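Text of work35.cif (mmCIF, C-alpha atoms and all ligand atoms) as supplied:
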```cif
data_run
#
loop_
_atom_site.label_atom_id
_atom_site.label_comp_id
_atom_site.auth_asym_id
_atom_site.auth_seq_id
_atom_site.Cartn_x
_atom_site.Cartn_y
_atom_site.Cartn_z
CA MET N 28 -1.42 -2.92 -19.83
CA PRO N 29 0.86 -5.45 -18.10
CA ARG N 30 4.12 -6.30 -19.79
CA THR N 31 3.36 -8.98 -22.33
CA ILE N 32 5.24 -11.98 -23.72
CA LEU N 33 3.98 -13.83 -26.77
CA ALA N 34 5.70 -17.21 -27.13
CA ILE N 35 5.47 -19.01 -30.46
CA HIS N 36 6.24 -22.72 -30.40
CA ALA N 37 6.09 -25.57 -32.88
CA HIS N 38 4.67 -28.46 -30.85
CA PRO N 39 2.95 -29.14 -27.54
CA ASP N 40 5.87 -29.64 -25.06
CA ASP N 41 8.20 -27.08 -26.67
CA GLU N 42 6.70 -24.41 -24.39
CA ALA N 43 7.68 -26.57 -21.41
CA SER N 44 11.21 -27.48 -22.52
CA LYS N 45 12.21 -23.99 -23.74
CA GLY N 46 12.02 -20.95 -21.51
CA ALA N 47 9.23 -22.22 -19.23
CA ALA N 48 10.84 -21.16 -15.94
CA THR N 49 11.44 -17.68 -17.35
CA VAL N 50 7.80 -17.27 -18.37
CA ALA N 51 6.71 -18.55 -14.94
CA LYS N 52 8.96 -15.98 -13.29
CA TYR N 53 7.65 -13.05 -15.34
CA VAL N 54 4.04 -14.14 -14.78
CA ALA N 55 4.75 -14.28 -11.02
CA GLN N 56 5.95 -10.68 -11.34
CA GLY N 57 2.69 -9.62 -13.01
CA ALA N 58 3.43 -10.05 -16.71
CA ARG N 59 0.89 -11.46 -19.15
CA ALA N 60 1.92 -14.44 -21.25
CA VAL N 61 0.20 -15.77 -24.36
CA LEU N 62 1.18 -19.02 -26.05
CA VAL N 63 0.85 -19.87 -29.72
CA THR N 64 1.40 -23.53 -30.62
CA ALA N 65 1.54 -24.19 -34.35
CA THR N 66 0.85 -27.92 -34.55
CA GLY N 67 -0.85 -30.68 -32.61
CA GLY N 68 2.29 -32.79 -32.33
CA GLU N 69 0.49 -35.68 -33.99
CA ALA N 70 3.68 -37.02 -35.63
CA GLY N 71 5.48 -37.32 -32.30
CA GLU N 72 6.38 -40.68 -30.88
CA ILE N 73 5.21 -41.78 -27.45
CA LEU N 74 8.37 -41.43 -25.41
CA ASN N 75 7.06 -42.53 -22.02
CA PRO N 76 6.82 -46.35 -21.76
CA ALA N 77 3.93 -46.00 -19.29
CA MET N 78 1.87 -44.20 -21.95
CA ASP N 79 2.80 -46.40 -24.91
CA ARG N 80 -0.62 -47.97 -25.41
CA PRO N 81 -2.73 -48.34 -28.58
CA GLU N 82 -5.59 -46.16 -27.27
CA VAL N 83 -3.11 -43.37 -26.57
CA ALA N 84 -1.51 -43.65 -30.02
CA GLU N 85 -4.95 -43.54 -31.66
CA ASN N 86 -5.93 -40.32 -29.91
CA LEU N 87 -2.53 -38.67 -29.75
CA ALA N 88 -3.57 -35.23 -31.05
CA GLU N 89 -6.43 -34.98 -28.56
CA ILE N 90 -4.32 -36.22 -25.66
CA ARG N 91 -1.46 -33.87 -26.51
CA ALA N 92 -3.88 -30.92 -26.64
CA GLY N 93 -4.94 -31.81 -23.08
CA GLU N 94 -1.31 -32.08 -21.99
CA LEU N 95 -0.60 -28.69 -23.53
CA LYS N 96 -3.47 -27.06 -21.70
CA LYS N 97 -2.29 -28.48 -18.39
CA ALA N 98 1.35 -27.51 -18.94
CA ALA N 99 0.46 -23.98 -20.07
CA GLY N 100 -1.62 -23.56 -16.91
CA ILE N 101 1.28 -24.68 -14.72
CA ILE N 102 3.63 -22.18 -16.39
CA GLY N 103 1.05 -19.40 -16.11
CA TYR N 104 0.08 -18.70 -19.70
CA GLY N 105 -3.19 -16.77 -19.65
CA GLU N 106 -4.16 -17.85 -23.15
CA VAL N 107 -3.25 -20.71 -25.48
CA ILE N 108 -3.83 -20.35 -29.21
CA MET N 109 -3.45 -23.54 -31.22
CA LEU N 110 -3.03 -22.80 -34.93
CA GLY N 111 -4.17 -26.32 -35.79
CA TYR N 112 -1.56 -27.31 -38.36
CA ARG N 113 -0.34 -30.88 -38.58
CA ASP N 114 3.04 -31.80 -37.14
CA SER N 115 5.46 -32.16 -40.10
CA GLY N 116 7.49 -34.91 -38.43
CA MET N 117 11.26 -35.28 -38.33
CA PRO N 118 13.39 -34.29 -41.38
CA ASN N 119 12.83 -36.57 -44.39
CA SER N 120 10.06 -38.55 -42.74
CA GLU N 121 6.73 -39.52 -44.25
CA PRO N 122 4.59 -36.91 -42.39
CA ASN N 123 6.54 -34.15 -44.25
CA GLY N 124 4.37 -34.95 -47.26
CA HIS N 125 0.96 -34.73 -45.58
CA PRO N 126 -1.09 -31.93 -47.19
CA ASP N 127 -1.90 -30.43 -43.77
CA ALA N 128 1.72 -30.55 -42.59
CA PHE N 129 2.82 -27.22 -41.15
CA CYS N 130 5.91 -27.13 -43.41
CA ARG N 131 3.71 -27.33 -46.52
CA GLN N 132 1.46 -24.37 -45.76
CA PRO N 133 1.84 -21.16 -47.80
CA PHE N 134 4.26 -19.01 -45.79
CA ASP N 135 2.28 -15.78 -46.14
CA GLU N 136 -0.96 -17.43 -45.01
CA VAL N 137 0.60 -18.55 -41.75
CA LEU N 138 2.38 -15.21 -41.39
CA GLU N 139 -0.88 -13.33 -41.76
CA ARG N 140 -2.46 -15.36 -38.95
CA LEU N 141 0.51 -14.59 -36.70
CA VAL N 142 0.43 -10.90 -37.63
CA SER N 143 -3.23 -10.80 -36.71
CA ILE N 144 -2.47 -12.41 -33.32
CA VAL N 145 0.38 -9.96 -32.65
CA ARG N 146 -1.78 -6.96 -33.51
CA GLN N 147 -4.47 -8.19 -31.09
CA VAL N 148 -2.21 -9.36 -28.24
CA ARG N 149 0.24 -6.42 -28.62
CA PRO N 150 3.22 -8.14 -27.01
CA ASP N 151 6.32 -6.23 -25.90
CA ILE N 152 8.53 -9.21 -26.54
CA VAL N 153 8.11 -12.35 -28.62
CA PHE N 154 9.79 -15.73 -28.31
CA GLY N 155 10.60 -17.47 -31.59
CA TYR N 156 13.36 -19.93 -32.43
CA ASP N 157 17.02 -19.63 -33.31
CA ASP N 158 18.36 -21.15 -36.52
CA HIS N 159 18.18 -24.63 -35.00
CA GLU N 160 21.23 -26.02 -36.67
CA PHE N 161 21.51 -28.77 -34.09
CA TYR N 162 17.85 -29.83 -34.17
CA PRO N 163 16.69 -29.26 -37.76
CA HIS N 164 13.03 -30.21 -37.29
CA PRO N 165 11.13 -28.69 -40.24
CA ASP N 166 8.54 -27.13 -37.92
CA HIS N 167 11.22 -25.52 -35.76
CA LEU N 168 13.04 -24.15 -38.81
CA LEU N 169 9.77 -22.69 -40.04
CA ILE N 170 9.06 -21.01 -36.68
CA HIS N 171 12.51 -19.40 -36.97
CA ASP N 172 11.76 -17.99 -40.42
CA LEU N 173 8.24 -16.95 -39.46
CA SER N 174 9.31 -15.21 -36.27
CA LEU N 175 11.84 -13.04 -38.13
CA ALA N 176 9.28 -12.18 -40.83
CA LEU N 177 6.67 -11.49 -38.15
CA VAL N 178 8.69 -8.68 -36.57
CA ARG N 179 8.86 -6.84 -39.90
CA ALA N 180 5.31 -7.58 -41.08
CA SER N 181 3.48 -6.75 -37.82
CA ALA N 182 4.95 -3.26 -37.77
CA ASP N 183 4.37 -2.60 -41.47
CA ALA N 184 1.03 -0.92 -42.24
CA GLN N 185 1.32 -2.05 -45.87
CA ARG N 186 1.39 -5.73 -44.89
CA PHE N 187 -1.95 -7.39 -44.16
CA PRO N 188 -3.88 -4.14 -43.61
CA GLU N 189 -7.04 -6.16 -42.91
CA SER N 190 -5.38 -7.82 -39.92
CA GLY N 191 -5.31 -4.92 -37.48
CA GLU N 192 -3.30 -1.84 -36.62
CA PRO N 193 0.49 -2.16 -37.02
CA TRP N 194 2.32 -3.16 -33.86
CA THR N 195 6.03 -2.99 -33.13
CA ILE N 196 7.52 -5.98 -31.33
CA GLN N 197 10.30 -4.48 -29.19
CA LYS N 198 12.44 -7.59 -28.97
CA LEU N 199 12.44 -11.06 -30.49
CA TYR N 200 14.22 -13.69 -28.45
CA ALA N 201 14.89 -17.38 -28.93
CA PRO N 202 15.12 -19.57 -25.83
CA ILE N 203 18.28 -21.62 -26.41
CA PHE N 204 20.23 -24.46 -24.86
CA SER N 205 23.55 -22.68 -24.89
CA ARG N 206 26.74 -24.68 -25.17
CA GLU N 207 27.85 -22.98 -21.97
CA ARG N 208 24.85 -24.27 -20.04
CA ILE N 209 25.18 -27.86 -21.25
CA SER N 210 28.92 -27.88 -20.73
CA VAL N 211 28.78 -26.38 -17.21
CA LEU N 212 26.15 -28.94 -16.17
CA HIS N 213 28.10 -31.76 -17.79
CA GLU N 214 31.40 -30.89 -16.07
CA ALA N 215 29.73 -30.34 -12.69
CA LEU N 216 27.95 -33.68 -12.89
CA LEU N 217 31.14 -35.52 -13.86
CA ALA N 218 32.96 -33.92 -10.94
CA GLU N 219 30.17 -34.71 -8.51
CA THR N 220 28.98 -38.15 -9.60
CA GLY N 221 31.36 -39.41 -12.29
CA GLU N 222 28.55 -39.58 -14.85
CA SER N 223 26.48 -37.21 -16.95
CA PRO N 224 23.63 -37.66 -19.47
CA PHE N 225 24.83 -34.63 -21.46
CA GLY N 226 27.84 -36.17 -23.25
CA PRO N 227 26.07 -37.04 -26.54
CA TRP N 228 24.26 -33.69 -26.56
CA LEU N 229 27.49 -31.80 -26.07
CA GLU N 230 29.06 -33.63 -29.00
CA ARG N 231 26.29 -32.33 -31.27
CA LEU N 232 27.00 -28.71 -30.31
CA ASP N 233 30.11 -27.49 -32.03
CA GLY N 234 32.12 -24.49 -30.83
CA SER N 235 30.27 -22.14 -33.16
CA GLN N 236 27.05 -22.57 -31.18
CA ASP N 237 27.51 -19.50 -29.00
CA LEU N 238 29.94 -17.40 -31.00
CA ALA N 239 28.68 -13.96 -31.96
CA ARG N 240 25.37 -14.55 -30.24
CA LYS N 241 23.75 -11.93 -28.07
CA VAL N 242 22.77 -14.07 -25.14
CA THR N 243 20.80 -12.89 -22.11
CA LYS N 244 20.81 -15.08 -19.01
CA ILE N 245 17.68 -15.02 -16.89
CA ASP N 246 18.02 -16.10 -13.28
CA VAL N 247 15.26 -18.66 -12.78
CA ALA N 248 16.21 -19.96 -9.34
CA GLY N 249 12.96 -20.86 -7.60
CA PHE N 250 11.10 -21.38 -10.91
CA ILE N 251 12.94 -24.35 -12.41
CA ASP N 252 10.62 -26.84 -10.70
CA GLN N 253 7.57 -25.09 -12.15
CA GLY N 254 9.03 -25.51 -15.64
CA ARG N 255 9.83 -29.16 -14.98
CA GLU N 256 6.33 -29.77 -13.62
CA ALA N 257 4.95 -28.38 -16.88
CA LEU N 258 7.21 -30.71 -18.86
CA ARG N 259 6.04 -33.63 -16.76
CA ALA N 260 2.45 -32.77 -17.75
CA HIS N 261 3.37 -33.88 -21.30
CA ARG N 262 3.02 -37.46 -20.21
CA THR N 263 3.18 -38.95 -23.70
CA GLN N 264 6.40 -37.07 -24.48
CA VAL N 265 8.60 -37.37 -21.42
CA ASP N 266 9.65 -40.35 -19.40
CA PRO N 267 9.53 -39.28 -15.74
CA ASP N 268 12.55 -41.53 -15.17
CA GLY N 269 14.37 -40.34 -18.28
CA PHE N 270 16.87 -37.79 -19.50
CA TRP N 271 14.92 -34.62 -18.70
CA PHE N 272 14.67 -35.42 -15.02
CA ALA N 273 18.01 -37.18 -14.53
CA VAL N 274 19.54 -34.17 -12.76
CA PRO N 275 17.93 -32.91 -9.53
CA THR N 276 16.61 -29.35 -9.53
CA ASP N 277 18.73 -28.24 -6.58
CA PHE N 278 21.85 -29.40 -8.40
CA ILE N 279 20.90 -27.37 -11.49
CA GLU N 280 20.17 -24.36 -9.30
CA SER N 281 23.54 -24.65 -7.60
CA VAL N 282 25.58 -24.75 -10.83
CA TYR N 283 23.54 -23.02 -13.57
CA PRO N 284 20.37 -21.29 -12.30
CA TRP N 285 19.75 -19.52 -15.62
CA GLU N 286 17.83 -19.92 -18.84
CA ASP N 287 19.53 -18.49 -21.90
CA PHE N 288 17.91 -16.41 -24.61
CA GLU N 289 19.40 -15.31 -27.88
CA LEU N 290 18.34 -11.86 -29.04
CA LEU N 291 17.28 -12.12 -32.69
CA THR N 292 15.95 -8.60 -33.28
CA SER N 293 15.54 -5.48 -31.16
CA ALA N 294 13.95 -2.08 -31.66
CA VAL N 295 15.50 -0.85 -28.40
CA GLY N 296 19.10 -2.04 -28.53
CA TRP N 297 20.84 -4.55 -26.30
CA SER N 298 23.66 -4.41 -23.86
CA GLU N 299 26.11 -7.09 -22.82
CA GLY N 300 25.23 -8.43 -19.40
CA GLU N 301 21.51 -7.70 -19.70
CA THR N 302 19.61 -9.65 -17.03
CA ASP N 303 16.01 -8.79 -17.94
CA LEU N 304 14.31 -9.54 -21.27
CA PHE N 305 12.29 -6.34 -20.84
CA ASP N 306 15.39 -4.13 -20.54
CA GLY N 307 14.76 -1.00 -22.56
CA VAL N 308 11.16 -2.01 -23.30
CA ALA N 309 8.90 -0.52 -20.61
CA GLU N 310 9.83 3.09 -21.33
CA THR N 311 9.10 2.70 -25.01
CA ASN N 312 5.76 0.90 -24.97
CA GLU N 313 4.07 2.65 -22.06
ZN ZN L 401 9.11 -29.26 -31.19
#
```
Would you kindly transcribe this structure into structure tokens?
Ligand SMILES: [Zn+2]
Amino acid sequence: MPRTILAIHAHPDDEASKGAATVAKYVAQGARAVLVTATGGEAGEILNPAMDRPEVAENLAEIRAGELKKAAGIIGYGEVIMLGYRDSGMPNSEPNGHPDAFCRQPFDEVLERLVSIVRQVRPDIVFGYDDHEFYPHPDHLLIHDLSLALVRASADAQRFPESGEPWTIQKLYAPIFSRERISVLHEALLAETGESPFGPWLERLDGSQDLARKVTKIDVAGFIDQGREALRAHRTQVDPDGFWFAVPTDFIESVYPWEDFELLTSAVGWSEGETDLFDGVAETNE
């Protein structure tokens, strides 16, 4: 069995904006990657002026599913599982109340589906979300809660016995935008060009963002463009002339060639300075 990553994301495009270069790198090294996307992203706005047309808005779920498939292929996911829930929309917005909204589904029903996927896919490591204090989208908060519950439930023979043999997830990570990353990029851009698009973002991250976190940095030099290409495939969601592409790849690689992951749970420990998400894993699951 190749080493396996199961990434759980809320919306189409999250897989491309969070940890994509890292997944691409591990796939290039022979790992297997499986993507679970909870919702169709149907409450998202069209953020690319070139795609802001009535026929796109009318078929947004279908179009976003196509974008997801393309992006997942670029990153190297071997399988994409869409859970089919409805995007809950931003906090306190009207889509929160839709009966099919992801945030309104019974927690244990969704958990059971995820447990069943874990017991079939048998991943060594899983990507979920951190506590998302700076982007409190209801669907992202729910993925955080579900991913923590999933680690316990998948391994517990008493939970959902109809959904397969228990399976222990060795490590649960959350891809994060660390304050360090944003601040290093921001300072380097100011020094180099006198301007930076990261100012407002940095203001939203207070000093507590990285404190007490177990953060692993993955060197993704050579894979950043693959991640950005995947993000570009989400044509309704990203403006090719906008924020996400404002900084050239070679500049990013020269000042911060890493993606950061917060360790949320581990069955095999963790050590400061870890440079591989599979550290400690291969020996245990072979
Ligand atoms: Zn999202």
Find the residues near ligand ZN 401 (chain L). Use a cut-off of 6 Å, count all atoms listed in the file, and write them as a PDB file with C-alpha atoms, in the coordinates of the input.
```pdb
ATOM      1  CA  ALA N  37       6.090 -25.570 -32.880  1.00  0.00           C
ATOM      2  CA  HIS N  38       4.670 -28.460 -30.850  1.00  0.00           C
ATOM      3  CA  ASP N  41       8.200 -27.080 -26.670  1.00  0.00           C
TER       4      ASP N  41
END
```
Cut-off 9 Å: closest region 67-158 of chain N/region 241-259 of chain N atom pairs per residue, using only C-alpha atoms, as a Markdown table:
```
| residue | atom | partner | partner_atom | distance |
| --- | --- | --- | --- | --- |
| N:Glu94 | CA | N:Ala257 | CA | 8.9 |
| N:Leu95 | CA | N:Ala257 | CA | 8.7 |
| N:Lys97 | CA | N:Ala257 | CA | 7.4 |
| N:Ala98 | CA | N:Ala257 | CA | 4.2 |
| N:Ala99 | CA | N:Ala257 | CA | 7.0 |
| N:Gly100 | CA | N:Ala257 | CA | 8.1 |
| N:Ile101 | CA | N:Ala257 | CA | 5.6 |
| N:Ile102 | CA | N:Ala257 | CA | 6.4 |
```
Contacts of Ile90 (chain N) at 12 Å (all atoms listed in the file; same-chain gap of 5+ positions) as number ranges by chain: N: 39, 67-69, 71, 73, 78, 82-85, 95-97, 260-264
If you count all atoms listed in the file, which residues fall within 9 Å of region 133-144 of chain N, apart from same-chain ones fewer than 3 positions away, as a PyMOL selection string? chain N and resi 63+110+129-130+147-149+169+173-174+176-178+180-182+186-187+189-194
Around all the atoms of region 177-183 of chain N listed in the file, with 8 Å of room on each side, what axis-aligned box do you get, giving centre and edge lengths in Å to one decimal, as AutoDock Vina command-line options?
```
--center_x 6.2 --center_y -7.0 --center_z -39.0 --size_x 21.4 --size_y 24.9 --size_z 20.9
```
From N:Ile279, N:Ile203, N:Val308, N:Met117, residue lying nearest Ser44 (chain N) [all atoms listed in the file]: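 Once distances to Ser44 (chain N) are computed over all atoms listed in the file, the minimum belongs to N:Ile203.
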Mind pulling up the distance from CA of Trp285 (chain N) to CA of Asp151 (chain N)?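 Answer for the CA of Asp151 (chain N) to CA of Trp285 (chain N) separation: 21.5 Å.
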So, counting all atoms listed in the file, which residue among N:Thr49, N:Thr64, N:Ser223, N:Thr31 is closest to Ala273 (chain N)?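 The answer is N:Ser223, which sits nearest to Ala273 (chain N).
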N:Tyr283, N:Trp297, N:Tyr112, N:Phe305 ranked by distance to Glu207 (chain N), top pick (using all atoms listed in the file):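 Counting all atoms listed in the file, the residue closest to Glu207 (chain N) is N:Tyr283.
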d(CA of Ile152 (chain N), CA of Gln197 (chain N)) in Å: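 Separation between CA of Ile152 (chain N) and CA of Gln197 (chain N): 5.7 Å.
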From the list N:Pro29, N:Pro76, N:Pro163, N:Gly105, which residue is nearest Ala51 (chain N) when using all atoms listed in the file? N:Gly105
Pick from N:Gln185, N:Ala88, N:Phe225, N:Asn123, whichever lies nearest to Trp271 (chain N) using only C-alpha atoms: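 Nearest to Trp271 (chain N): N:Phe225.
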How many Å separate CA of Thr220 (chain N) from CA of Pro267 (chain N)?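 CA of Pro267 (chain N) lies 20.4 Å from CA of Thr220 (chain N).
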Using only C-alpha atoms, the shortest atom-to-atom distance to Tyr162 (chain N) among N:Ala77, N:Leu232, N:Ala58, N:Ala92 belongs to N:Leu232
Neighbours of point (7.6, -37.3, -41.7) within 10 Å, using all atoms listed in the file, written as a PDB file with C-alpha atoms, in the frame of the given file:
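This went into selection_21.pdb:
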```pdb
ATOM      1  CA  ALA N  70       3.680 -37.020 -35.630  1.00  0.00           C
ATOM      2  CA  GLY N  71       5.480 -37.320 -32.300  1.00  0.00           C
ATOM      3  CA  ASP N 114       3.040 -31.800 -37.140  1.00  0.00           C
ATOM      4  CA  SER N 115       5.460 -32.160 -40.100  1.00  0.00           C
ATOM      5  CA  GLY N 116       7.490 -34.910 -38.430  1.00  0.00           C
ATOM      6  CA  MET N 117      11.260 -35.280 -38.330  1.00  0.00           C
ATOM      7  CA  PRO N 118      13.390 -34.290 -41.380  1.00  0.00           C
ATOM      8  CA  ASN N 119      12.830 -36.570 -44.390  1.00  0.00           C
ATOM      9  CA  SER N 120      10.060 -38.550 -42.740  1.00  0.00           C
ATOM     10  CA  GLU N 121       6.730 -39.520 -44.250  1.00  0.00           C
ATOM     11  CA  PRO N 122       4.590 -36.910 -42.390  1.00  0.00           C
ATOM     12  CA  ASN N 123       6.540 -34.150 -44.250  1.00  0.00           C
ATOM     13  CA  GLY N 124       4.370 -34.950 -47.260  1.00  0.00           C
ATOM     14  CA  HIS N 125       0.960 -34.730 -45.580  1.00  0.00           C
ATOM     15  CA  ALA N 128       1.720 -30.550 -42.590  1.00  0.00           C
ATOM     16  CA  HIS N 164      13.030 -30.210 -37.290  1.00  0.00           C
ATOM     17  CA  PRO N 165      11.130 -28.690 -40.240  1.00  0.00           C
TER      18      PRO N 165
END
```
Extract, using only C-alpha atoms, all DNA, RNA and protein residues at most 12 Å from Asp158 (chain N), discarding same-chain residues fewer than 2 positions from it, and format them as an MDAnalysis selection string. chainID N and resid 155:156 160:175 200:203 236:237 240 289:291
Can you write just those residues out, C-alpha atoms, as a PDB file, keeping the file's coordinate frame?
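The resulting file, again_31.pdb, is shown below:
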```
ATOM      1  CA  GLY N 155      10.600 -17.470 -31.590  1.00  0.00           C
ATOM      2  CA  TYR N 156      13.360 -19.930 -32.430  1.00  0.00           C
ATOM      3  CA  GLU N 160      21.230 -26.020 -36.670  1.00  0.00           C
ATOM      4  CA  PHE N 161      21.510 -28.770 -34.090  1.00  0.00           C
ATOM      5  CA  TYR N 162      17.850 -29.830 -34.170  1.00  0.00           C
ATOM      6  CA  PRO N 163      16.690 -29.260 -37.760  1.00  0.00           C
ATOM      7  CA  HIS N 164      13.030 -30.210 -37.290  1.00  0.00           C
ATOM      8  CA  PRO N 165      11.130 -28.690 -40.240  1.00  0.00           C
ATOM      9  CA  ASP N 166       8.540 -27.130 -37.920  1.00  0.00           C
ATOM     10  CA  HIS N 167      11.220 -25.520 -35.760  1.00  0.00           C
ATOM     11  CA  LEU N 168      13.040 -24.150 -38.810  1.00  0.00           C
ATOM     12  CA  LEU N 169       9.770 -22.690 -40.040  1.00  0.00           C
ATOM     13  CA  ILE N 170       9.060 -21.010 -36.680  1.00  0.00           C
ATOM     14  CA  HIS N 171      12.510 -19.400 -36.970  1.00  0.00           C
ATOM     15  CA  ASP N 172      11.760 -17.990 -40.420  1.00  0.00           C
ATOM     16  CA  LEU N 173       8.240 -16.950 -39.460  1.00  0.00           C
ATOM     17  CA  SER N 174       9.310 -15.210 -36.270  1.00  0.00           C
ATOM     18  CA  LEU N 175      11.840 -13.040 -38.130  1.00  0.00           C
ATOM     19  CA  TYR N 200      14.220 -13.690 -28.450  1.00  0.00           C
ATOM     20  CA  ALA N 201      14.890 -17.380 -28.930  1.00  0.00           C
ATOM     21  CA  PRO N 202      15.120 -19.570 -25.830  1.00  0.00           C
ATOM     22  CA  ILE N 203      18.280 -21.620 -26.410  1.00  0.00           C
ATOM     23  CA  GLN N 236      27.050 -22.570 -31.180  1.00  0.00           C
ATOM     24  CA  ASP N 237      27.510 -19.500 -29.000  1.00  0.00           C
ATOM     25  CA  ARG N 240      25.370 -14.550 -30.240  1.00  0.00           C
ATOM     26  CA  GLU N 289      19.400 -15.310 -27.880  1.00  0.00           C
ATOM     27  CA  LEU N 290      18.340 -11.860 -29.040  1.00  0.00           C
ATOM     28  CA  LEU N 291      17.280 -12.120 -32.690  1.00  0.00           C
TER      29      LEU N 291
END
```
Output region 47-67 of chain N as a compact mmCIF listing (two decimals), keeping the file's coordinate frame, making sure N, CA and C atoms are there.
```txt
# COMPACT_ATOMS: atom_id res chain seq x y z
N ALA N 47 10.43 -22.14 -20.08
CA ALA N 47 9.23 -22.22 -19.23
C ALA N 47 9.44 -21.54 -17.87
N ALA N 48 10.61 -21.75 -17.27
CA ALA N 48 10.84 -21.16 -15.94
C ALA N 48 10.87 -19.63 -16.04
N THR N 49 11.38 -19.13 -17.14
CA THR N 49 11.44 -17.68 -17.35
C THR N 49 10.03 -17.09 -17.47
N VAL N 50 9.18 -17.75 -18.24
CA VAL N 50 7.80 -17.27 -18.37
C VAL N 50 7.12 -17.32 -17.01
N ALA N 51 7.32 -18.42 -16.27
CA ALA N 51 6.71 -18.55 -14.94
C ALA N 51 7.16 -17.41 -14.03
N LYS N 52 8.43 -17.06 -14.13
CA LYS N 52 8.96 -15.98 -13.29
C LYS N 52 8.32 -14.63 -13.64
N TYR N 53 8.24 -14.33 -14.95
CA TYR N 53 7.65 -13.05 -15.34
C TYR N 53 6.16 -12.99 -14.99
N VAL N 54 5.46 -14.11 -15.14
CA VAL N 54 4.04 -14.14 -14.78
C VAL N 54 3.90 -13.89 -13.27
N ALA N 55 4.78 -14.49 -12.48
CA ALA N 55 4.75 -14.28 -11.02
C ALA N 55 4.98 -12.81 -10.68
N GLN N 56 5.69 -12.11 -11.57
CA GLN N 56 5.95 -10.68 -11.34
C GLN N 56 4.87 -9.79 -11.95
N GLY N 57 3.82 -10.42 -12.50
CA GLY N 57 2.69 -9.62 -13.01
C GLY N 57 2.59 -9.49 -14.52
N ALA N 58 3.50 -10.13 -15.25
CA ALA N 58 3.43 -10.05 -16.71
C ALA N 58 2.29 -10.93 -17.24
N ARG N 59 1.88 -10.64 -18.45
CA ARG N 59 0.89 -11.46 -19.15
C ARG N 59 1.65 -12.30 -20.17
N ALA N 60 1.26 -13.57 -20.29
CA ALA N 60 1.92 -14.44 -21.25
C ALA N 60 0.88 -15.16 -22.11
N VAL N 61 1.11 -15.12 -23.41
CA VAL N 61 0.20 -15.77 -24.36
C VAL N 61 1.03 -16.76 -25.17
N LEU N 62 0.48 -17.95 -25.35
CA LEU N 62 1.18 -19.02 -26.05
C LEU N 62 0.51 -19.32 -27.38
N VAL N 63 1.32 -19.38 -28.43
CA VAL N 63 0.85 -19.87 -29.72
C VAL N 63 1.57 -21.19 -30.00
N THR N 64 0.81 -22.24 -30.27
CA THR N 64 1.40 -23.53 -30.62
C THR N 64 0.92 -23.88 -32.03
N ALA N 65 1.88 -24.08 -32.93
CA ALA N 65 1.54 -24.19 -34.35
C ALA N 65 0.87 -25.51 -34.72
N THR N 66 1.34 -26.60 -34.12
CA THR N 66 0.85 -27.92 -34.55
C THR N 66 0.34 -28.72 -33.35
N GLY N 67 -0.33 -29.82 -33.66
CA GLY N 67 -0.85 -30.68 -32.61
C GLY N 67 0.12 -31.73 -32.13
```
